[in-house]
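Below is one structure, written out as C-alpha cells; the observations come after it.
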Amino acid sequence: MTQTITVIRGDGIGPEIMDATLHVLGAMNLDLHYEEADAGLVALEKHGELLPAQTMESIRRTRVALKSPLTTPVGGGFSSINVELRRQFDLYANVRPAISFPNTKSRFASGVDLITIRENTEGSYISEGQEVSADGETAVSITRITRTGSERIVRYAFELARSTGRKKVTIVHKANILKSTSGLFLKVAREVAAQYPDIEANEMIVDNTCMQLVMSPEQFDIIVTTNLFGDIISDLCAGLVGGLGLAPGANIGKDAAIFEAVHGTAPDIAGQGKANPCALLLAAAQMLDHIGKPDDATRLRKAIVATLEAKDSLTGDLGGSGNTMSFAKAIASRV
Ligand code: ATP
C-alpha cells in the first residue's frame with residue numbers, strides 16, 4: 001500500500017535540504033506519496049498562520065511527517081512551533097540516533113552507534129511552576145514525573161530495541177539525589193525492564209553517563225532518560241560523531257510521528273546551496289524504519305556512508321567542494 005507522508009519544506013535552508021532529500025528518496029523507488037504542507041514563516045506569509053489547520057489535518061491523517069527546520073518569529077503566538085507540534089500531537093518520545101561516519105571532523109569516526117530516547121512532555125520542562133520571588137533573589141521551578149509518562153517512554157525504548165535488534169537499554173537517572181522525581185522514573189523503568197528479559201538493561205547515573213560517553217561511547221546501544229538529561233545527552237552524542245549537520249531526530253507519539261534534522265534554519269547560508277542535507281536524509285532513514293521499511297532505511301544509510309567514504313561531492317562543512325544537490329546526487333547514485 002502506498003504510504004502518504006506529509007512534507008514540510010520549512011524556512012531558511014529547509015527547502016534546499018528537502019529537495020535534496022526527496023531527490024534521493026525518489027531514486028530509491030519507494031512506494032511513497034508526498035503531501036506538501038506549510039508551516040513556519042512560509043505559512044505565515046501564505047495563510048496568515050504559523051501552523052495552519054490544513055497542515056495539522058494533514059499530519060493527523062498521514063500520521064507521518066518529514067519536516068525541515070522552521071523559523072518561529074518573535075511574537076508569533078508560540079514560543080516555538082516545534083514545541084507546539086509536540087504538544088498538539090503528544091509526541092512523547094524524542095529519538096536521536098548518533099552514528100559515527102567516515103571523513104567527518106568528529107572525535108569518533110568509528111565505533112559509535114547509539115540512540116538516545118528522551119521523554120519529551122514532562123520532567124523539568126513543564127511550563128507551570130516557574131517562579132521568581134518579588135525581590136528577584138530566589139527562583140523556583142517544578143519538576144513533574146509521572147508513572148504513566150515514565151512507563152510509556154521506557155516501554156518505547158525496549159520495544160525499539162526489540163524491533164531493531166538492539167541488545168541493551170541503559171536507564172539514565174539521578175535517583176541518588178533527586179529521590180522523588182528521578183527515583184520514580186528509575187522505579188518504573190526497573191518494572192518495565194523486567195518485562196523484557198531478552199534485552200539487557202543497565203542503570204547509570206547521569207554525570208557518570210556523560211563521562212562514559214566521552215571515554216567509551218561504544219558501550220552504549222539505547223539510552224532512555226527524562227527530558228532535561230535527554231536534551232543534554234542527545235546533543236553531547238551529536239557532538240561526538242560530527243555535529244548537527246549529521247544529526248537526525250524524531251518526535252514520536254501514539255497517533256503521529258515527525259522526522260526532522262536537529263539543526264536550525266541556518267539563515268547565514270540559506271539559498272546558497274551550501275547546506276549539508278545529511279541530517280534530513282538520516283531523519284528520512286529513521287522514517288523508513290518507522291513505516292516498516294527497515295531494509296530501505298539501511299540502504300539509505302549505507303549510501304550516505306559510501307558517499308562520505310568516497311568524499312564524493314561533499315558540502316563545505318565536511319571539507320568538500322560540492323553543493324547540496326551535487327551531494328544528494330552522489331548519494332542517490334549509490335542507493
Ligand atoms: P535557528 O535560529 O533556526 O536555530 P541558527 O543559525 O541559530 O538557526 P543552526 O541553523 O543550527 O542555528 O546553525 C548553526 C550553525 O551551523 C550555522 O553557522 C549554520 O550555517 C550551520 N549549519 C546548520 N545546519 C547546517 C547544515 N545542514 N549544513 C551546513 N551548515 C549548517
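Letters A, B, ... mark the chains of the C-alpha cells in the order given; residue numbers begin at 1 per chain; ligand numbers begin at 1, in order shown.
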Expected answer as a list in words: residues within 8 Å of ligand 1, only C-alpha atoms and all ligand atoms: Gly12, Ile13, Ile17, Pro69, Leu70, Thr71, Leu244, Gly245, Leu246, Ala261, Val262, His263, Gly264, Thr265, Ala266, Pro267, Asp268, Ile269, Lys274, Ala275, Asn276, Pro277, Cys278, Ala279, Thr315, Gly316 and Asp317 of chain A
Distance query region 96-103 of chain A at most 7 Å, only C-alpha atoms, self and fewer than 6 positions along chain excluded, as a VMD selection string: chain A and resid 109 to 117 234 237 to 238 241 247 to 250 305 308 to 309
Atoms kept (all heavy atoms) for selection, written as a compact mmCIF listing (two decimals), in the first residue's frame:
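New file selection.txt:
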# COMPACT_ATOMS: atom_id res chain seq x y z
N ALA A 109 35.25 8.62 14.67
CA ALA A 109 34.88 8.37 13.27
C ALA A 109 34.44 6.92 13.09
O ALA A 109 34.03 6.52 12.02
CB ALA A 109 36.04 8.70 12.35
N SER A 110 34.55 6.13 14.17
CA SER A 110 34.02 4.77 14.10
C SER A 110 33.62 4.32 15.50
O SER A 110 34.03 4.92 16.50
CB SER A 110 35.07 3.80 13.53
OG SER A 110 36.12 3.67 14.45
N GLY A 111 32.81 3.29 15.56
CA GLY A 111 32.50 2.65 16.85
C GLY A 111 31.28 3.17 17.57
O GLY A 111 30.82 2.54 18.52
N VAL A 112 30.73 4.32 17.17
CA VAL A 112 29.54 4.82 17.88
C VAL A 112 28.29 4.49 17.06
O VAL A 112 28.22 4.78 15.86
CB VAL A 112 29.61 6.35 18.10
CG1 VAL A 112 28.39 6.84 18.88
CG2 VAL A 112 30.88 6.74 18.81
N ASP A 113 27.34 3.84 17.70
CA ASP A 113 26.07 3.54 17.06
C ASP A 113 25.04 3.41 18.18
O ASP A 113 24.79 2.33 18.70
CB ASP A 113 26.18 2.23 16.26
CG ASP A 113 24.86 1.89 15.55
OD1 ASP A 113 23.90 2.67 15.69
OD2 ASP A 113 24.80 0.85 14.88
N LEU A 114 24.52 4.54 18.59
CA LEU A 114 23.61 4.53 19.74
C LEU A 114 22.40 5.41 19.46
O LEU A 114 22.41 6.24 18.55
CB LEU A 114 24.34 4.98 21.01
CG LEU A 114 24.90 6.40 21.06
CD1 LEU A 114 23.86 7.38 21.57
CD2 LEU A 114 26.11 6.46 21.98
N ILE A 115 21.37 5.21 20.24
CA ILE A 115 20.15 6.02 20.12
C ILE A 115 19.78 6.56 21.51
O ILE A 115 19.70 5.79 22.46
CB ILE A 115 18.96 5.19 19.58
CG1 ILE A 115 19.30 4.57 18.22
CG2 ILE A 115 17.70 6.05 19.47
CD1 ILE A 115 18.19 3.68 17.66
N THR A 116 19.61 7.87 21.60
CA THR A 116 19.11 8.45 22.85
C THR A 116 17.60 8.65 22.74
O THR A 116 17.12 9.24 21.76
CB THR A 116 19.77 9.82 23.12
OG1 THR A 116 21.18 9.66 23.13
CG2 THR A 116 19.34 10.38 24.47
N ILE A 117 16.89 8.16 23.73
CA ILE A 117 15.44 8.34 23.77
C ILE A 117 15.10 9.20 24.98
O ILE A 117 15.34 8.81 26.13
CB ILE A 117 14.73 6.98 23.84
CG1 ILE A 117 15.08 6.20 22.57
CG2 ILE A 117 13.21 7.15 23.97
CD1 ILE A 117 14.56 4.82 22.55
N SER A 234 21.60 14.05 24.27
CA SER A 234 21.47 13.85 22.82
C SER A 234 22.36 14.84 22.05
O SER A 234 22.93 14.48 21.02
CB SER A 234 20.01 13.92 22.37
OG SER A 234 19.39 15.07 22.84
N CYS A 237 25.94 13.55 22.32
CA CYS A 237 26.17 12.44 21.38
C CYS A 237 26.32 12.95 19.96
O CYS A 237 27.17 12.45 19.20
CB CYS A 237 25.02 11.44 21.45
SG CYS A 237 24.96 10.56 23.02
N ALA A 238 25.53 13.97 19.58
CA ALA A 238 25.67 14.55 18.23
C ALA A 238 27.08 15.12 18.07
O ALA A 238 27.73 14.97 17.03
CB ALA A 238 24.63 15.64 18.02
N VAL A 241 29.93 12.60 17.23
CA VAL A 241 30.00 11.98 15.90
C VAL A 241 29.91 12.99 14.75
O VAL A 241 29.50 12.63 13.66
CB VAL A 241 28.93 10.89 15.72
CG1 VAL A 241 29.16 9.72 16.66
CG2 VAL A 241 27.53 11.45 15.91
N ALA A 247 23.02 15.16 12.36
CA ALA A 247 22.19 14.68 13.47
C ALA A 247 20.70 14.70 13.13
O ALA A 247 20.10 15.77 13.00
CB ALA A 247 22.44 15.54 14.71
N PRO A 248 20.10 13.52 12.99
CA PRO A 248 18.66 13.47 12.76
C PRO A 248 17.91 13.29 14.07
O PRO A 248 18.50 12.91 15.09
CB PRO A 248 18.50 12.21 11.91
CG PRO A 248 19.56 11.29 12.44
CD PRO A 248 20.71 12.17 12.91
N GLY A 249 16.60 13.52 14.04
CA GLY A 249 15.79 13.28 15.23
C GLY A 249 14.36 12.98 14.85
O GLY A 249 13.91 13.34 13.75
N ALA A 250 13.67 12.31 15.74
CA ALA A 250 12.25 12.04 15.52
C ALA A 250 11.50 12.36 16.79
O ALA A 250 12.03 12.18 17.89
CB ALA A 250 12.05 10.57 15.15
N VAL A 305 27.02 6.60 3.91
CA VAL A 305 28.37 6.23 4.38
C VAL A 305 29.31 6.07 3.18
O VAL A 305 30.44 6.58 3.19
CB VAL A 305 28.32 4.91 5.20
CG1 VAL A 305 29.72 4.38 5.48
CG2 VAL A 305 27.58 5.13 6.51
N LEU A 308 30.33 9.42 1.85
CA LEU A 308 31.29 10.08 2.74
C LEU A 308 32.66 9.42 2.59
O LEU A 308 33.69 10.11 2.55
CB LEU A 308 30.82 9.99 4.20
CG LEU A 308 29.59 10.84 4.57
CD1 LEU A 308 29.05 10.44 5.93
CD2 LEU A 308 29.96 12.33 4.58
N GLU A 309 32.68 8.10 2.50
CA GLU A 309 33.94 7.37 2.36
C GLU A 309 34.67 7.78 1.08
O GLU A 309 35.87 7.97 1.06
CB GLU A 309 33.69 5.86 2.33
CG GLU A 309 34.20 5.17 3.58
CD GLU A 309 33.54 3.82 3.81
OE1 GLU A 309 32.93 3.25 2.88
OE2 GLU A 309 33.65 3.34 4.96
Exercise: Val154 (chain A) partners within 7 Å, only C-alpha atoms, chain neighbours under 4 positions left out, as a list in words: Ser150, Phe158, Ala189, Val192 and Val224 of chain A
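Among the candidates A:Ala256, A:Ala284, A:Met215, A:Ile223, the one nearest to Leu85 (chain A) when counting only C-alpha atoms is A:Ala256.
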Nearest residue to Ala193 (chain A) from the set A:Gln212, A:Asn251, A:Thr170, A:Ser321 (distances using only C-alpha atoms):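 Checking each of A:Gln212, A:Asn251, A:Thr170, A:Ser321 against Ala193 (chain A), counting only C-alpha atoms, the winner is A:Thr170.
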Polymer residues at most 6 Å from region 56-66 of chain A, only C-alpha atoms, same-chain spacing of 6 or more positions, as a ChimeraX atom specification: /A:4-7,256-259
Requested write-out: N, CA, C and O atoms of the selected residues, as a PDB file, in the first residue's frame:
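The result, stored in part01.pdb:
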ATOM      1  N   THR A   4       1.429   7.642   2.498  1.00  0.00           N
ATOM      2  CA  THR A   4       1.484   9.091   2.292  1.00  0.00           C
ATOM      3  C   THR A   4       2.267   9.740   3.425  1.00  0.00           C
ATOM      4  O   THR A   4       2.093   9.388   4.599  1.00  0.00           O
ATOM      5  N   ILE A   5       3.138  10.667   3.048  1.00  0.00           N
ATOM      6  CA  ILE A   5       3.971  11.383   4.018  1.00  0.00           C
ATOM      7  C   ILE A   5       3.657  12.873   3.897  1.00  0.00           C
ATOM      8  O   ILE A   5       3.643  13.412   2.786  1.00  0.00           O
ATOM      9  N   THR A   6       3.441  13.539   5.009  1.00  0.00           N
ATOM     10  CA  THR A   6       3.304  14.999   4.992  1.00  0.00           C
ATOM     11  C   THR A   6       4.709  15.594   4.921  1.00  0.00           C
ATOM     12  O   THR A   6       5.573  15.258   5.740  1.00  0.00           O
ATOM     13  N   VAL A   7       4.936  16.460   3.926  1.00  0.00           N
ATOM     14  CA  VAL A   7       6.264  17.054   3.742  1.00  0.00           C
ATOM     15  C   VAL A   7       6.180  18.544   4.057  1.00  0.00           C
ATOM     16  O   VAL A   7       5.391  19.271   3.450  1.00  0.00           O
ATOM     17  N   ALA A 256       0.976  10.058  15.838  1.00  0.00           N
ATOM     18  CA  ALA A 256       1.734  10.734  14.779  1.00  0.00           C
ATOM     19  C   ALA A 256       3.220  10.695  15.094  1.00  0.00           C
ATOM     20  O   ALA A 256       3.618  10.501  16.252  1.00  0.00           O
ATOM     21  N   ALA A 257       4.030  10.857  14.039  1.00  0.00           N
ATOM     22  CA  ALA A 257       5.486  10.913  14.219  1.00  0.00           C
ATOM     23  C   ALA A 257       6.052  11.934  13.240  1.00  0.00           C
ATOM     24  O   ALA A 257       5.631  11.994  12.084  1.00  0.00           O
ATOM     25  N   ILE A 258       6.980  12.751  13.739  1.00  0.00           N
ATOM     26  CA  ILE A 258       7.570  13.793  12.893  1.00  0.00           C
ATOM     27  C   ILE A 258       9.082  13.583  12.861  1.00  0.00           C
ATOM     28  O   ILE A 258       9.727  13.496  13.912  1.00  0.00           O
ATOM     29  N   PHE A 259       9.634  13.523  11.649  1.00  0.00           N
ATOM     30  CA  PHE A 259      11.063  13.250  11.472  1.00  0.00           C
ATOM     31  C   PHE A 259      11.726  14.518  10.956  1.00  0.00           C
ATOM     32  O   PHE A 259      11.216  15.167  10.038  1.00  0.00           O
TER      33      PHE A 259
END
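Distance check against Gln219 (chain A) using only C-alpha atoms: of A:Pro52, A:Val169, A:Gly242, A:Val132, the minimum falls on A:Val169.
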Residue among A:Glu131, A:Ile304, A:Met18, A:Thr104 lying closest to Gly319 (chain A), counting only C-alpha atoms: A:Thr104
